[in-house]
Every structure is written in C-alpha cells, then in structure tokens.
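Colleague: Just dropping this structure here.
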Amino acid sequence: MHLARAIHFDESDQRIFFNPARTGEWAISGGFEFSNWGDGDLTGKARQAFANGWLGVETFGRVTFVAVTDIQEGELRSLEQALAQHFVSVYGAPSLEAALPVAQDELRHMIELCDDHDANTLLTVSRELTDTGVHEQFRAIKPAEAELDQFAVHSVPDE
C-alpha cells in the first residue's frame with residue numbers, strides 16, 4: 001500500500017505557504033479545505049495553497065511536491081485518527097466517530113492515487129474553481145533512471 005510524503009527541493013514552500021508542511025510528513029490532497037471558497041478567497045498565499053498545495057496530515061501545512069512511498073497499516077490508522085480529530089477541531093464535525101469515515105475516505109482516495117505509481121514517483125496537484133466546485137488534476141513525475149556514472153566524478157590527482 002502506498003501513500004505520499006511531503007518533499008522539498010528548496011526553501012520556496014517556506015515563502016509561498018502560510019503554514020508549510022514539514023519534510024517527510026504524510027500528505028493528502030486536502031482539497032476539502034477549499035470546498036466553500038470563491039474567487040475572492042484566492043489571493044496571496046491562500047491562492048498558492050489552493051492552486052497547488054498538498055495537505056500534510058501531521059502539521060496540516062501545505063507542500064508543493066509529494067513522493068510516493070510505502071505505508072504500514074498501523075501508520076494509516078494513526079493518520080485516520082489525526083485527520084478525524086482535525087475535522088472535529090477545525091471544521092466542527094460533531095464527533096470523532098462521525099469524522100472517522102470521512103477521514104478514511106480522504107486517505108483511501110490518496111492511497112488509490114498513489115497505488116497507481118511506483119515508489120519515489122513525485123506528484124503535483126493543480127486546482128481551479130469551476131461552476132461545479134473545485135476541480136483537481138494530478139501529475140506524476142517518474143523517478144529518473146540514472147546510471148552511476150552520471151553522478152560520479154572520476155579524476156586523477158595531480159602528480
């Protein structure tokens with residue numbers, strides 16, 4: 001079973017998101033956060049989070065890139081509980097019991113997305129507002145298959 005972890009190539013997420021996700025934390029699409037948004041909400045850093053931010057399930061921060069990796073059943077159960085608690089604390093779900101099936105659905109959606117890809121595949125998300133709500137598109141970037149000699153530099157010391 002696969003899920004995705006936040007990955008950073010540089011410090012740009014620190015500047016473009018109000019709350020950047022932590023490198024290595026589990027991540028989901030998190031498009032539900034924007035379900036009641038309109039054009040007036042799409043400004044500044046909030047616009048960036050909407051346009052291409054994945055949601056970290058530990059800090060609930062945003063990240064531009066995620067990498068597909070294996071997840072264990074126990075880790076998944078912990079994430080379900082954390083996400084359900086987030087729905088109660090932030091979105092006003094009436095109870096953990098009521099929020100848990102929704103959290104499981106969100107994680108299942110991400111697992112289905114990730115299971116279509118090999119480990120280390122990078123994923124990006126792009127969103128737009130449409131007349132019917134938020135439309136998400138996902139893009140996969142396959143891991144490069146590079147030979148060792150593309151990275152190794154061989155030299156002979158000066159004699």
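Each chain in the structure tokens gets a letter, A, B and so on, in the order shown; residues start at 1 in every chain, and ligands are counted from 1 in the order they appear.
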Neighbours of region 82-91 of chain A within 10 Å (only C-alpha atoms; same-chain residues fewer than 3 positions away dropped), as a list in words?
Modeller: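 The contact residues come out as Glu33, Gly56, Val57, Glu58, Phe60, Leu76, Arg77, Ser78, Leu79, Pro94, Ser95, Leu96, Glu97, Ala98, Ala99, Leu100, Pro101, Val102, Ala103, Gln104, Glu106 and Leu107 of chain A.
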Colleague: Extract, using only C-alpha atoms, all DNA, RNA and protein residues at most 12 Å from Ser12 (chain A), discarding same-chain residues fewer than 4 positions from it, and format them as a PyMOL selection string.
Modeller: chain A and resi 7-8+16-18+20-21+45+48+62-65
Colleague: Check the smallest atom-to-atom distance from each of A:Ser29, A:Thr43, A:Gln14, A:Asn52 to Arg127 (chain A) using only C-alpha atoms, then report the winner.
Modeller: A:Asn52
Colleague: Considering only C-alpha atoms, return as a list in words whatever protein or nucleic-acid residues lie within 12 Å of Val125 (chain A), sequence-local ones (same chain, fewer than 6 positions apart) excluded.
Modeller: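 What passes the distance filter is Ala27, Ile28, Ser29, Gly30, Gly31, Gln48, Ala49, Phe50, Ala51, Asn52, Gly53, Trp54, Leu55, Arg62, Val63, Thr64, Phe65, Val66, Met110, Leu113, His135, Glu136, Gln137, Phe138, Arg139, Ala140 and Ile141 of chain A.
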Colleague: Would you export the selected residues with C-alpha atoms as a PDB file, in the first residue's frame, please?
Modeller:
```pdb
ATOM      1  CA  ALA A  27       0.238  14.154   2.817  1.00  0.00           C
ATOM      2  CA  ILE A  28      -3.127  14.061   1.076  1.00  0.00           C
ATOM      3  CA  SER A  29      -4.776  16.303  -1.488  1.00  0.00           C
ATOM      4  CA  GLY A  30      -6.695  18.282   1.108  1.00  0.00           C
ATOM      5  CA  GLY A  31      -8.992  19.814  -1.496  1.00  0.00           C
ATOM      6  CA  GLN A  48      -0.934  29.399  -3.737  1.00  0.00           C
ATOM      7  CA  ALA A  49      -2.235  26.808  -1.255  1.00  0.00           C
ATOM      8  CA  PHE A  50      -5.383  26.434  -3.358  1.00  0.00           C
ATOM      9  CA  ALA A  51      -3.577  26.298  -6.695  1.00  0.00           C
ATOM     10  CA  ASN A  52      -1.038  23.581  -5.922  1.00  0.00           C
ATOM     11  CA  GLY A  53      -0.705  22.694  -2.255  1.00  0.00           C
ATOM     12  CA  TRP A  54      -0.911  19.190  -0.841  1.00  0.00           C
ATOM     13  CA  LEU A  55      -2.008  18.968   2.805  1.00  0.00           C
ATOM     14  CA  ARG A  62       0.904  22.767   2.613  1.00  0.00           C
ATOM     15  CA  VAL A  63       3.619  21.450   0.308  1.00  0.00           C
ATOM     16  CA  THR A  64       4.153  21.655  -3.463  1.00  0.00           C
ATOM     17  CA  PHE A  65       5.602  18.178  -4.086  1.00  0.00           C
ATOM     18  CA  VAL A  66       4.936  14.772  -2.562  1.00  0.00           C
ATOM     19  CA  MET A 110      -4.883   9.304  -1.744  1.00  0.00           C
ATOM     20  CA  LEU A 113      -3.893   7.764  -6.381  1.00  0.00           C
ATOM     21  CA  HIS A 135     -11.539  20.677  -9.900  1.00  0.00           C
ATOM     22  CA  GLU A 136      -8.273  18.877  -9.130  1.00  0.00           C
ATOM     23  CA  GLN A 137      -5.747  17.474 -11.582  1.00  0.00           C
ATOM     24  CA  PHE A 138      -2.768  15.356 -10.639  1.00  0.00           C
ATOM     25  CA  ARG A 139       0.544  14.953 -12.422  1.00  0.00           C
ATOM     26  CA  ALA A 140       3.118  12.211 -11.858  1.00  0.00           C
ATOM     27  CA  ILE A 141       6.841  12.645 -12.423  1.00  0.00           C
TER      28      ILE A 141
END
```
Colleague: Can you list, as a VMD selection string, every residue of region 26-116 of chain A that DSSP puts in strand (DSSP E)?
Modeller: chain A and resid 26 to 28 54 to 56 62 to 63 65 to 70
Colleague: If we count only C-alpha atoms, what is near region 117-119 of chain A at a cut-off of 8 Å, once residues fewer than 4 positions away on the same chain are taken out, given as a list in words?
Modeller: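 Near neighbours after the sequence-gap exclusion: His2, Ala67, Val68, Thr69, Asp70, Leu113, Ala140 and Lys142 of chain A.
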Colleague: Could you dump the residues just selected with C-alpha atoms as a short mmCIF file (atom, residue, chain, number, x, y, z; two decimals), in the first residue's frame?
Modeller:
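Here's the written file result-v1.cif:
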```
data_model
loop_
_atom_site.label_atom_id
_atom_site.label_comp_id
_atom_site.auth_asym_id
_atom_site.auth_seq_id
_atom_site.Cartn_x
_atom_site.Cartn_y
_atom_site.Cartn_z
CA HIS A 2 1.32 3.46 -0.93
CA ALA A 67 6.72 11.47 -3.16
CA VAL A 68 5.00 8.09 -3.27
CA THR A 69 6.20 5.63 -0.64
CA ASP A 70 5.02 2.58 1.31
CA LEU A 113 -3.89 7.76 -6.38
CA ALA A 140 3.12 12.21 -11.86
CA LYS A 142 8.56 9.26 -12.66
#
```
Colleague: When DSSP is applied to the backbone of this structure, which of region 11-159 of chain A are assigned helix (DSSP H, G or I)? Write them out as a ChimeraX atom specification.
Modeller: /A:12-16,31-34,39-41,44-52,73-91,96-115,148-150
